[in-house]
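Below is my_file.tsv, which holds TSV, C-alpha atoms.
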chain	number	residue	atom	x	y	z
A	200	ARG	CA	81.67	97.97	69.63
A	201	LYS	CA	84.30	97.75	72.39
A	202	GLU	CA	83.38	99.22	75.76
A	203	VAL	CA	86.59	101.26	75.87
A	204	GLU	CA	88.31	102.32	72.67
A	205	GLN	CA	91.80	103.72	72.24
A	206	ASP	CA	94.10	104.45	69.34
A	207	PRO	CA	96.76	101.71	69.62
A	208	GLY	CA	99.52	103.95	68.26
A	209	PRO	CA	102.44	103.78	68.42
A	210	PHE	CA	103.05	107.43	69.10
A	211	ASN	CA	106.72	108.15	68.45
A	212	VAL	CA	107.75	111.51	69.94
A	213	PRO	CA	111.07	113.22	70.75
A	214	GLU	CA	112.12	114.01	74.28
A	215	GLY	CA	110.52	117.23	75.49
A	216	ALA	CA	107.46	116.91	73.28
A	217	THR	CA	103.87	117.16	74.43
A	218	VAL	CA	101.67	114.22	73.54
A	219	ALA	CA	97.96	113.57	74.06
A	220	PHE	CA	96.02	110.33	74.14
A	221	ASN	CA	92.28	109.99	73.83
A	222	CYS	CA	89.82	107.32	74.82
A	223	THR	CA	86.07	106.86	74.41
A	224	TYR	CA	83.76	104.64	76.42
A	225	SER	CA	80.32	103.30	75.60
A	226	ASN	CA	78.62	102.90	78.99
A	227	SER	CA	77.17	106.24	80.02
A	228	ALA	CA	76.57	104.87	83.53
A	229	SER	CA	80.28	104.45	84.19
A	230	GLN	CA	81.31	105.71	87.59
A	231	SER	CA	85.09	106.01	87.78
A	232	PHE	CA	87.90	106.52	85.32
A	233	PHE	CA	91.63	105.88	85.41
A	234	TRP	CA	94.80	105.78	83.39
A	235	TYR	CA	97.08	102.81	84.01
A	236	ARG	CA	100.59	102.45	82.66
A	237	GLN	CA	102.12	99.18	81.50
A	238	ASP	CA	105.81	98.82	80.74
A	239	CYS	CA	106.96	96.16	78.30
A	240	ARG	CA	106.55	92.67	79.78
A	241	LYS	CA	105.42	94.10	83.10
A	242	GLU	CA	102.13	94.41	84.94
A	243	PRO	CA	99.77	97.42	84.66
A	244	LYS	CA	100.10	100.05	87.37
A	245	LEU	CA	97.83	102.95	88.25
A	246	LEU	CA	99.07	106.22	86.76
A	247	MET	CA	96.24	108.49	87.88
A	248	SER	CA	92.53	108.72	88.46
A	249	VAL	CA	90.46	110.98	86.22
A	250	TYR	CA	87.97	113.45	87.65
A	251	SER	CA	85.27	115.49	85.94
A	252	SER	CA	86.99	118.71	86.93
A	253	GLY	CA	90.25	117.55	85.37
A	254	ASN	CA	93.32	116.78	87.40
A	255	GLU	CA	97.06	117.19	87.12
A	256	ASP	CA	99.97	115.23	88.52
A	257	GLY	CA	103.26	116.82	87.59
A	258	ARG	CA	103.68	116.56	83.84
A	259	PHE	CA	100.49	114.55	83.45
A	260	THR	CA	97.00	116.02	83.01
A	261	ALA	CA	93.82	113.98	82.73
A	262	GLN	CA	90.45	115.22	81.56
A	263	LEU	CA	86.99	113.66	81.52
A	264	ASN	CA	84.05	114.75	79.39
A	265	ARG	CA	80.99	112.79	80.56
A	266	ALA	CA	78.69	114.31	77.94
A	267	SER	CA	80.90	113.08	75.11
A	268	GLN	CA	82.05	109.95	77.00
A	269	TYR	CA	85.62	110.91	76.33
A	270	ILE	CA	88.79	110.74	78.44
A	271	SER	CA	92.17	112.25	77.66
A	272	LEU	CA	95.72	112.15	78.98
A	273	LEU	CA	98.25	114.87	78.24
A	274	ILE	CA	101.96	114.35	78.87
A	275	ARG	CA	104.16	117.44	78.80
A	276	ASP	CA	107.95	117.50	78.46
A	277	SER	CA	108.13	113.80	77.55
A	278	LYS	CA	110.96	111.76	79.05
A	279	LEU	CA	112.54	108.59	77.73
A	280	SER	CA	111.14	106.87	80.81
A	281	ASP	CA	107.59	107.71	79.71
A	282	SER	CA	107.87	105.06	76.98
A	283	ALA	CA	105.17	102.54	77.82
A	284	THR	CA	101.62	101.52	76.97
A	285	TYR	CA	98.92	103.70	78.49
A	286	LEU	CA	95.66	101.94	79.32
A	287	CYS	CA	92.38	103.81	79.58
A	288	VAL	CA	90.22	102.24	82.29
A	289	VAL	CA	86.53	102.66	83.05
A	290	ALA	CA	84.65	101.35	86.08
A	291	PRO	CA	80.95	100.60	85.76
A	292	TYR	CA	78.62	101.78	88.47
A	293	ASN	CA	78.03	99.63	91.53
A	294	THR	CA	80.75	97.06	90.89
A	295	ASP	CA	84.45	96.57	91.56
A	296	LYS	CA	85.09	95.63	87.93
A	297	LEU	CA	87.45	97.65	85.76
A	298	ILE	CA	87.13	97.67	81.96
A	299	PHE	CA	90.46	98.19	80.22
A	300	GLY	CA	91.09	99.62	76.79
A	301	THR	CA	93.67	97.83	74.67
A	302	GLY	CA	96.17	100.61	75.29
A	303	THR	CA	98.09	103.27	73.42
A	304	ARG	CA	101.79	102.68	72.97
A	305	LEU	CA	104.15	105.63	73.45
A	306	GLN	CA	107.78	105.60	72.37
A	307	VAL	CA	109.89	108.61	73.35
A	308	PHE	CA	113.17	108.90	71.46
A	309	PRO	CA	116.28	111.00	72.25
B	257	ASP	CA	105.58	95.28	101.57
B	258	ALA	CA	104.82	92.23	99.50
B	259	GLY	CA	102.67	92.90	96.49
B	260	VAL	CA	100.47	90.41	94.70
B	261	ILE	CA	102.36	87.15	94.27
B	262	GLN	CA	101.77	84.84	91.33
B	263	SER	CA	103.21	81.46	90.47
B	264	PRO	CA	104.53	80.11	88.28
B	265	ARG	CA	105.95	83.06	86.37
B	266	HIS	CA	106.29	81.00	83.21
B	267	GLU	CA	104.53	77.83	82.14
B	268	VAL	CA	105.03	75.81	78.98
B	269	THR	CA	102.75	72.84	78.52
B	270	GLU	CA	101.31	70.62	75.86
B	271	MET	CA	97.77	70.77	74.57
B	272	GLY	CA	95.43	68.70	76.70
B	273	GLN	CA	97.38	69.11	79.92
B	274	GLU	CA	95.96	70.68	83.06
B	275	VAL	CA	97.36	74.05	84.06
B	276	THR	CA	97.01	75.61	87.51
B	277	LEU	CA	97.91	79.24	88.15
B	278	ARG	CA	98.22	80.54	91.69
B	279	CYS	CA	97.79	83.92	93.30
B	280	LYS	CA	98.34	85.42	96.74
B	281	PRO	CA	96.66	88.83	97.07
B	282	ILE	CA	97.90	91.73	99.16
B	283	SER	CA	97.08	91.15	102.80
B	284	GLY	CA	93.92	93.00	103.81
B	285	HIS	CA	92.55	93.28	100.29
B	286	ASN	CA	89.13	91.72	99.94
B	287	SER	CA	88.68	91.71	96.17
B	288	LEU	CA	90.66	89.52	93.78
B	289	PHE	CA	90.60	89.62	90.01
B	290	TRP	CA	91.89	87.26	87.30
B	291	TYR	CA	92.73	88.78	83.90
B	292	ARG	CA	94.05	87.43	80.62
B	293	GLN	CA	96.11	89.60	78.26
B	294	THR	CA	96.81	88.92	74.60
B	295	MET	CA	97.99	91.17	71.79
B	296	MET	CA	94.72	90.77	69.92
B	297	ARG	CA	92.22	91.24	72.75
B	298	GLY	CA	94.13	93.26	75.33
B	299	LEU	CA	93.40	92.82	79.03
B	300	GLU	CA	90.19	90.89	79.71
B	301	LEU	CA	88.62	90.27	83.10
B	302	LEU	CA	87.93	86.57	83.56
B	303	ILE	CA	86.44	86.48	87.06
B	304	TYR	CA	86.50	88.40	90.30
B	305	PHE	CA	85.91	87.54	93.94
B	306	ASN	CA	84.82	89.67	96.86
B	307	ASN	CA	85.41	88.25	100.34
B	308	ASN	CA	86.28	84.89	98.71
B	309	VAL	CA	82.94	84.69	96.90
B	310	PRO	CA	82.83	84.74	93.08
B	311	ILE	CA	80.89	87.85	92.06
B	312	ASP	CA	81.22	87.94	88.29
B	313	ASP	CA	82.51	85.08	86.13
B	314	SER	CA	81.00	86.30	82.88
B	315	GLY	CA	84.46	86.64	81.37
B	316	MET	CA	85.42	83.01	81.86
B	317	PRO	CA	85.73	81.75	78.28
B	318	GLU	CA	84.31	78.27	78.71
B	319	ASP	CA	83.94	75.32	81.03
B	320	ARG	CA	87.58	74.43	80.65
B	321	PHE	CA	88.36	77.37	82.93
B	322	SER	CA	87.62	77.33	86.64
B	323	ALA	CA	88.70	79.53	89.55
B	324	LYS	CA	88.58	79.10	93.28
B	325	MET	CA	89.36	81.19	96.32
B	326	PRO	CA	89.37	78.90	99.35
B	327	ASN	CA	90.56	81.64	101.70
B	328	ALA	CA	91.46	85.31	101.78
B	329	SER	CA	95.11	84.71	100.94
B	330	PHE	CA	94.98	82.27	98.05
B	331	SER	CA	93.29	81.77	94.69
B	332	THR	CA	93.77	79.41	91.76
B	333	LEU	CA	92.84	79.56	88.10
B	334	LYS	CA	92.72	76.16	86.43
B	335	ILE	CA	92.54	75.30	82.74
B	336	GLN	CA	91.66	71.71	81.93
B	337	PRO	CA	92.28	70.66	79.21
B	338	SER	CA	94.53	73.44	77.92
B	339	GLU	CA	94.54	74.48	74.25
B	340	PRO	CA	97.03	76.52	72.19
B	341	ARG	CA	94.56	79.45	72.06
B	342	ASP	CA	94.85	79.73	75.85
B	343	SER	CA	98.41	80.99	75.42
B	344	ALA	CA	98.51	84.44	77.05
B	345	VAL	CA	99.72	86.33	80.09
B	346	TYR	CA	97.44	85.75	83.06
B	347	PHE	CA	97.39	88.48	85.70
B	348	CYS	CA	95.97	88.38	89.18
B	349	ALA	CA	95.09	91.67	90.87
B	350	SER	CA	93.71	92.64	94.26
B	351	SER	CA	92.08	95.70	95.78
B	352	LEU	CA	90.10	96.95	98.72
B	353	GLY	CA	86.70	96.03	97.34
B	354	THR	CA	83.90	98.49	97.76
B	355	ALA	CA	81.05	96.41	96.35
B	356	GLY	CA	80.00	99.54	94.55
B	357	THR	CA	79.44	101.52	97.72
B	358	ARG	CA	81.95	104.16	96.68
B	359	PRO	CA	84.31	104.82	93.78
B	360	GLN	CA	86.47	101.87	92.91
B	361	GLU	CA	89.80	101.40	94.65
B	362	THR	CA	93.12	100.95	92.90
B	363	GLN	CA	93.81	97.45	91.65
B	364	TYR	CA	97.33	96.14	92.26
B	365	PHE	CA	98.54	93.61	89.76
B	366	GLY	CA	100.88	90.69	90.20
B	367	PRO	CA	103.77	90.13	87.77
B	368	GLY	CA	101.70	87.69	85.70
B	369	THR	CA	102.10	84.12	84.51
B	370	ARG	CA	103.20	83.69	80.89
B	371	LEU	CA	101.47	80.59	79.59
B	372	LEU	CA	102.42	78.86	76.37
B	373	VAL	CA	100.39	75.86	75.28
B	374	LEU	CA	102.01	73.88	72.48
Exercise: express the given structure as structure tokens:
Amino acid sequence: RKEVEQDPGPFNVPEGATVAFNCTYSNSASQSFFWYRQDCRKEPKLLMSVYSSGNEDGRFTAQLNRASQYISLLIRDSKLSDSATYLCVVAPYNTDKLIFGTGTRLQVFP
Amino acid sequence: DAGVIQSPRHEVTEMGQEVTLRCKPISGHNSLFWYRQTMMRGLELLIYFNNNVPIDDSGMPEDRFSAKMPNASFSTLKIQPSEPRDSAVYFCASSLGTAGTRPQETQYFGPGTRLLVL
């Protein structure tokens, strides 16, 4: 079983739509959680951290459920520029390592 | 500000040749990470350094791969001899390492080296 699992997609949505991605992780001792974004043929970049209380950054909302070992990302009012691969990332306790999921591809069309 | 710098950006080589990938982390960052990304396996951590010392090399696939960090501003990943299955994008990333003392800091990735081994 992979340490971080994501639906690879692709998710094809029209502009203005709301889309949600989910991710599960296997290590219950994981300490920190993130969503990274990777554009085609580019490097991954941090999108947002994920906190237990849930957090929002503009059109993006991230949620963490430690009991279910589940992370989500909600994108409201999708823009064409949101088209990218979204990587779920989990950090084990007491290390600087990050464990990346294989990513969920989003394609927003006009 | 300069981000993480990697060279070369593209490398095409023949099976059996030695390949050396280079990375310059962001100044002041004390952790450096080497990743490999393929369509099949996604982004995999190969090795990471903290204060120039290798901390975890459990992701290094085999003895053909080696990595060094002789100083805080330079690291290399070497493949010798290279094989077609090594074809991938290799990313270097750096961060302010915490050594687990607090939640992990953001990792900043370089543009990657696209390696094709024929």
Shell around Cys279 of chain B at 9 Å using only C-alpha atoms, local window under 6 positions removed, as a ChimeraX atom specification: /B:260-263,329-333,347-349,366
Test item: which residues lie within 8 Å of (87.4, 85.6, 101.0) counting only C-alpha atoms, as an NGL selection string: :B and (286-287 or 305-309 or 325-329)
Find the residues of chain B that sit at most 12 Å from chain A; for each, write down the nearest two atoms and how far apart they are in Å, to one decimal. Count all atoms listed in the file. Sort by chain, then by number going up, and give it as a tab-separated table.
residue	atom	partner	partner_atom	distance
B:Gly259	CA	A:Glu242	CA	11.7
B:Val260	CA	A:Glu242	CA	10.7
B:Ile261	CA	A:Glu242	CA	11.8
B:Gln262	CA	A:Glu242	CA	11.5
B:Arg265	CA	A:Lys241	CA	11.5
B:Asn286	CA	A:Asp295	CA	10.8
B:Ser287	CA	A:Asp295	CA	7.9
B:Leu288	CA	A:Asp295	CA	9.7
B:Phe289	CA	A:Lys296	CA	8.4
B:Trp290	CA	A:Lys296	CA	10.8
B:Tyr291	CA	A:Phe299	CA	10.4
B:Arg292	CA	A:Phe299	CA	11.4
B:Gln293	CA	A:Thr301	CA	9.3
B:Thr294	CA	A:Thr301	CA	9.4
B:Met295	CA	A:Thr301	CA	8.4
B:Met296	CA	A:Thr301	CA	8.6
B:Arg297	CA	A:Thr301	CA	7.0
B:Gly298	CA	A:Thr301	CA	4.6
B:Leu299	CA	A:Phe299	CA	6.2
B:Glu300	CA	A:Phe299	CA	7.3
B:Leu301	CA	A:Ile298	CA	7.6
B:Leu302	CA	A:Lys296	CA	10.5
B:Ile303	CA	A:Lys296	CA	9.3
B:Tyr304	CA	A:Lys296	CA	7.7
B:Phe305	CA	A:Asp295	CA	9.5
B:Asn306	CA	A:Asp295	CA	8.7
B:Ile311	CA	A:Thr294	CA	9.3
B:Asp312	CA	A:Lys296	CA	8.6
B:Asp313	CA	A:Lys296	CA	11.0
B:Ser314	CA	A:Lys296	CA	11.4
B:Gly315	CA	A:Lys296	CA	11.1
B:Ala344	CA	A:Arg240	CA	11.8
B:Val345	CA	A:Arg240	CA	9.3
B:Tyr346	CA	A:Glu242	CA	10.0
B:Phe347	CA	A:Glu242	CA	7.6
B:Cys348	CA	A:Glu242	CA	9.6
B:Ala349	CA	A:Glu242	CA	9.6
B:Ser350	CA	A:Asp295	CA	10.4
B:Ser351	CA	A:Asp295	CA	8.8
B:Leu352	CA	A:Asp295	CA	9.1
B:Gly353	CA	A:Asp295	CA	6.2
B:Thr354	CA	A:Asp295	CA	6.5
B:Ala355	CA	A:Thr294	CA	5.5
B:Gly356	CA	A:Asn293	CA	3.6
B:Thr357	CA	A:Asn293	CA	6.6
B:Arg358	CA	A:Asn293	CA	7.9
B:Pro359	CA	A:Ser231	CA	6.2
B:Gln360	CA	A:Asp295	CA	5.8
B:Glu361	CA	A:Asp295	CA	7.8
B:Thr362	CA	A:Leu245	CA	6.9
B:Gln363	CA	A:Leu245	CA	7.6
B:Tyr364	CA	A:Lys244	CA	6.8
B:Phe365	CA	A:Glu242	CA	6.1
B:Gly366	CA	A:Glu242	CA	6.6
B:Pro367	CA	A:Glu242	CA	5.4
B:Gly368	CA	A:Glu242	CA	6.8
B:Thr369	CA	A:Glu242	CA	10.3
B:Arg370	CA	A:Arg240	CA	9.6
d(atom CA of Phe308 of chain A, atom CA of Leu272 of chain A) in Å: 19.3 Å
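The two atoms in question, atom CA of His266 of chain B and atom CA of Ser282 of chain A, are spaced 24.9 Å apart.
Pairwise distance (atom CA of Ala323 of chain B, atom CA of Leu372 of chain B) equals 19.0 Å.
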Neighbour residues at most 7 Å from (110.3, 111.2, 69.3) (all atoms listed in the file) as JSON, numbers by chain: {"A": [211, 212, 213, 214, 306, 307, 308, 309]}
Among the residues A:Gly208, A:Ala219, A:Thr303, A:Glu255, the one that comes closest to Thr284 of chain A [using only C-alpha atoms]: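 Checking each candidate against Thr284 of chain A, we get A:Thr303 as the closest.
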Minimum-distance residue to Glu339 of chain B, chosen among B:Lys280, B:Val373, B:Glu267, B:Ala258 (using only C-alpha atoms): B:Val373
Nearest to Asn264 of chain A by atom-to-atom distance, counting only C-alpha atoms, from A:Tyr224, A:Tyr285, A:Leu279, A:Arg236: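 Nearest candidate to Asn264 of chain A out of A:Tyr224, A:Tyr285, A:Leu279, A:Arg236: A:Tyr224.
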12 Å contact set for Thr217 of chain A, all atoms listed in the file, chain neighbours under 6 positions out, as a ChimeraX atom specification: /A:210-211,258-260,272-278,281,305,307
Spatial neighbours of Gln262 of chain A, max dist 9 Å, only C-alpha atoms, sep filter under 3 positions, as a list in words: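 Contacts, in chain order: Val249, Tyr250, Ser251, Ser252, Gly253, Asn254, Glu255, Tyr269, Ile270, Ser271, Leu272 and Leu273 of chain A.
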Go ahead and write the selection's residues with C-alpha atoms as a short mmCIF file (atom, residue, chain, number, x, y, z; two decimals), keeping the file's coordinate frame.
data_model
loop_
_atom_site.label_atom_id
_atom_site.label_comp_id
_atom_site.auth_asym_id
_atom_site.auth_seq_id
_atom_site.Cartn_x
_atom_site.Cartn_y
_atom_site.Cartn_z
CA VAL A 249 90.46 110.98 86.22
CA TYR A 250 87.97 113.45 87.65
CA SER A 251 85.27 115.49 85.94
CA SER A 252 86.99 118.71 86.93
CA GLY A 253 90.25 117.55 85.37
CA ASN A 254 93.32 116.78 87.40
CA GLU A 255 97.06 117.19 87.12
CA TYR A 269 85.62 110.91 76.33
CA ILE A 270 88.79 110.74 78.44
CA SER A 271 92.17 112.25 77.66
CA LEU A 272 95.72 112.15 78.98
CA LEU A 273 98.25 114.87 78.24
#
Written record: segment 291-320 of chain B, N, CA, C and O atoms, as a PDB file, in the first residue's frame:
ATOM      1  N   TYR B 291      15.070  14.325  -5.476  1.00  0.00           N
ATOM      2  CA  TYR B 291      13.891  13.538  -5.834  1.00  0.00           C
ATOM      3  C   TYR B 291      14.016  13.060  -7.280  1.00  0.00           C
ATOM      4  O   TYR B 291      14.684  13.676  -8.105  1.00  0.00           O
ATOM      5  N   ARG B 292      13.289  11.991  -7.570  1.00  0.00           N
ATOM      6  CA  ARG B 292      13.133  11.517  -8.943  1.00  0.00           C
ATOM      7  C   ARG B 292      11.640  11.430  -9.233  1.00  0.00           C
ATOM      8  O   ARG B 292      10.874  10.936  -8.398  1.00  0.00           O
ATOM      9  N   GLN B 293      11.234  11.903 -10.411  1.00  0.00           N
ATOM     10  CA  GLN B 293       9.814  11.852 -10.779  1.00  0.00           C
ATOM     11  C   GLN B 293       9.624  11.130 -12.100  1.00  0.00           C
ATOM     12  O   GLN B 293      10.252  11.474 -13.100  1.00  0.00           O
ATOM     13  N   THR B 294       8.766  10.129 -12.087  1.00  0.00           N
ATOM     14  CA  THR B 294       8.364   9.427 -13.298  1.00  0.00           C
ATOM     15  C   THR B 294       6.846   9.340 -13.330  1.00  0.00           C
ATOM     16  O   THR B 294       6.179   9.513 -12.296  1.00  0.00           O
ATOM     17  N   MET B 295       6.300   9.080 -14.494  1.00  0.00           N
ATOM     18  CA  MET B 295       4.851   8.946 -14.621  1.00  0.00           C
ATOM     19  C   MET B 295       4.340   7.799 -13.768  1.00  0.00           C
ATOM     20  O   MET B 295       3.300   7.897 -13.125  1.00  0.00           O
ATOM     21  N   MET B 296       5.075   6.706 -13.760  1.00  0.00           N
ATOM     22  CA  MET B 296       4.597   5.499 -13.073  1.00  0.00           C
ATOM     23  C   MET B 296       4.679   5.623 -11.558  1.00  0.00           C
ATOM     24  O   MET B 296       3.777   5.180 -10.851  1.00  0.00           O
ATOM     25  N   ARG B 297       5.751   6.217 -11.046  1.00  0.00           N
ATOM     26  CA  ARG B 297       6.012   6.175  -9.605  1.00  0.00           C
ATOM     27  C   ARG B 297       5.851   7.523  -8.913  1.00  0.00           C
ATOM     28  O   ARG B 297       5.948   7.610  -7.694  1.00  0.00           O
ATOM     29  N   GLY B 298       5.599   8.574  -9.702  1.00  0.00           N
ATOM     30  CA  GLY B 298       5.438   9.889  -9.091  1.00  0.00           C
ATOM     31  C   GLY B 298       6.761  10.430  -8.584  1.00  0.00           C
ATOM     32  O   GLY B 298       7.829  10.099  -9.093  1.00  0.00           O
ATOM     33  N   LEU B 299       6.676  11.253  -7.538  1.00  0.00           N
ATOM     34  CA  LEU B 299       7.846  11.927  -6.974  1.00  0.00           C
ATOM     35  C   LEU B 299       8.380  11.093  -5.816  1.00  0.00           C
ATOM     36  O   LEU B 299       7.700  10.900  -4.819  1.00  0.00           O
ATOM     37  N   GLU B 300       9.613  10.633  -5.945  1.00  0.00           N
ATOM     38  CA  GLU B 300      10.219   9.782  -4.923  1.00  0.00           C
ATOM     39  C   GLU B 300      11.441  10.482  -4.336  1.00  0.00           C
ATOM     40  O   GLU B 300      12.294  10.961  -5.089  1.00  0.00           O
ATOM     41  N   LEU B 301      11.544  10.481  -3.019  1.00  0.00           N
ATOM     42  CA  LEU B 301      12.726  11.031  -2.363  1.00  0.00           C
ATOM     43  C   LEU B 301      13.859  10.019  -2.473  1.00  0.00           C
ATOM     44  O   LEU B 301      13.706   8.861  -2.100  1.00  0.00           O
ATOM     45  N   LEU B 302      14.993  10.481  -2.990  1.00  0.00           N
ATOM     46  CA  LEU B 302      16.162   9.610  -3.106  1.00  0.00           C
ATOM     47  C   LEU B 302      17.047   9.707  -1.866  1.00  0.00           C
ATOM     48  O   LEU B 302      17.431   8.710  -1.265  1.00  0.00           O
ATOM     49  N   ILE B 303      17.371  10.941  -1.480  1.00  0.00           N
ATOM     50  CA  ILE B 303      18.273  11.171  -0.354  1.00  0.00           C
ATOM     51  C   ILE B 303      18.067  12.591   0.141  1.00  0.00           C
ATOM     52  O   ILE B 303      17.656  13.463  -0.628  1.00  0.00           O
ATOM     53  N   TYR B 304      18.316  12.817   1.453  1.00  0.00           N
ATOM     54  CA  TYR B 304      18.358  14.204   1.881  1.00  0.00           C
ATOM     55  C   TYR B 304      19.488  14.438   2.877  1.00  0.00           C
ATOM     56  O   TYR B 304      19.920  13.529   3.590  1.00  0.00           O
ATOM     57  N   PHE B 305      19.969  15.677   2.848  1.00  0.00           N
ATOM     58  CA  PHE B 305      21.073  16.132   3.677  1.00  0.00           C
ATOM     59  C   PHE B 305      20.568  17.197   4.650  1.00  0.00           C
ATOM     60  O   PHE B 305      19.690  17.994   4.308  1.00  0.00           O
ATOM     61  N   ASN B 306      21.163  17.222   5.812  1.00  0.00           N
ATOM     62  CA  ASN B 306      20.956  18.317   6.755  1.00  0.00           C
ATOM     63  C   ASN B 306      22.324  18.794   7.205  1.00  0.00           C
ATOM     64  O   ASN B 306      23.142  17.995   7.683  1.00  0.00           O
ATOM     65  N   ASN B 307      22.586  20.095   7.028  1.00  0.00           N
ATOM     66  CA  ASN B 307      23.914  20.643   7.333  1.00  0.00           C
ATOM     67  C   ASN B 307      25.024  19.831   6.661  1.00  0.00           C
ATOM     68  O   ASN B 307      26.029  19.488   7.287  1.00  0.00           O
ATOM     69  N   ASN B 308      24.809  19.493   5.392  1.00  0.00           N
ATOM     70  CA  ASN B 308      25.772  18.806   4.523  1.00  0.00           C
ATOM     71  C   ASN B 308      25.964  17.333   4.859  1.00  0.00           C
ATOM     72  O   ASN B 308      26.775  16.652   4.215  1.00  0.00           O
ATOM     73  N   VAL B 309      25.246  16.826   5.832  1.00  0.00           N
ATOM     74  CA  VAL B 309      25.395  15.425   6.241  1.00  0.00           C
ATOM     75  C   VAL B 309      24.210  14.617   5.705  1.00  0.00           C
ATOM     76  O   VAL B 309      23.058  15.028   5.890  1.00  0.00           O
ATOM     77  N   PRO B 310      24.482  13.479   5.046  1.00  0.00           N
ATOM     78  CA  PRO B 310      23.355  12.655   4.574  1.00  0.00           C
ATOM     79  C   PRO B 310      22.585  12.085   5.758  1.00  0.00           C
ATOM     80  O   PRO B 310      23.176  11.450   6.638  1.00  0.00           O
ATOM     81  N   ILE B 311      21.284  12.311   5.779  1.00  0.00           N
ATOM     82  CA  ILE B 311      20.443  11.879   6.890  1.00  0.00           C
ATOM     83  C   ILE B 311      19.671  10.606   6.540  1.00  0.00           C
ATOM     84  O   ILE B 311      19.516   9.713   7.362  1.00  0.00           O
ATOM     85  N   ASP B 312      19.153  10.549   5.326  1.00  0.00           N
ATOM     86  CA  ASP B 312      18.333   9.418   4.927  1.00  0.00           C
ATOM     87  C   ASP B 312      18.571   9.137   3.453  1.00  0.00           C
ATOM     88  O   ASP B 312      18.218   9.958   2.621  1.00  0.00           O
ATOM     89  N   ASP B 313      19.208   8.012   3.149  1.00  0.00           N
ATOM     90  CA  ASP B 313      19.436   7.633   1.747  1.00  0.00           C
ATOM     91  C   ASP B 313      18.672   6.366   1.396  1.00  0.00           C
ATOM     92  O   ASP B 313      19.023   5.664   0.447  1.00  0.00           O
ATOM     93  N   SER B 314      17.632   6.091   2.140  1.00  0.00           N
ATOM     94  CA  SER B 314      16.887   4.846   1.927  1.00  0.00           C
ATOM     95  C   SER B 314      16.185   4.801   0.573  1.00  0.00           C
ATOM     96  O   SER B 314      15.813   3.733   0.103  1.00  0.00           O
ATOM     97  N   GLY B 315      16.026   5.954  -0.060  1.00  0.00           N
ATOM     98  CA  GLY B 315      15.375   5.980  -1.363  1.00  0.00           C
ATOM     99  C   GLY B 315      16.325   5.818  -2.539  1.00  0.00           C
ATOM    100  O   GLY B 315      15.871   5.702  -3.688  1.00  0.00           O
ATOM    101  N   MET B 316      17.606   5.788  -2.279  1.00  0.00           N
ATOM    102  CA  MET B 316      18.574   5.609  -3.365  1.00  0.00           C
ATOM    103  C   MET B 316      18.388   4.203  -3.927  1.00  0.00           C
ATOM    104  O   MET B 316      18.527   3.202  -3.195  1.00  0.00           O
ATOM    105  N   PRO B 317      18.111   4.084  -5.228  1.00  0.00           N
ATOM    106  CA  PRO B 317      17.699   2.794  -5.782  1.00  0.00           C
ATOM    107  C   PRO B 317      18.762   1.702  -5.686  1.00  0.00           C
ATOM    108  O   PRO B 317      18.435   0.568  -5.414  1.00  0.00           O
ATOM    109  N   GLU B 318      19.988   2.016  -5.899  1.00  0.00           N
ATOM    110  CA  GLU B 318      21.029   0.989  -5.873  1.00  0.00           C
ATOM    111  C   GLU B 318      22.387   1.661  -5.868  1.00  0.00           C
ATOM    112  O   GLU B 318      22.489   2.885  -5.898  1.00  0.00           O
ATOM    113  N   ASP B 319      23.419   0.827  -5.840  1.00  0.00           N
ATOM    114  CA  ASP B 319      24.779   1.360  -5.705  1.00  0.00           C
ATOM    115  C   ASP B 319      25.215   2.207  -6.886  1.00  0.00           C
ATOM    116  O   ASP B 319      26.209   2.924  -6.801  1.00  0.00           O
ATOM    117  N   ARG B 320      24.495   2.152  -7.956  1.00  0.00           N
ATOM    118  CA  ARG B 320      24.874   2.976  -9.111  1.00  0.00           C
ATOM    119  C   ARG B 320      24.640   4.462  -8.828  1.00  0.00           C
ATOM    120  O   ARG B 320      25.155   5.318  -9.522  1.00  0.00           O
TER     121      ARG B 320
END
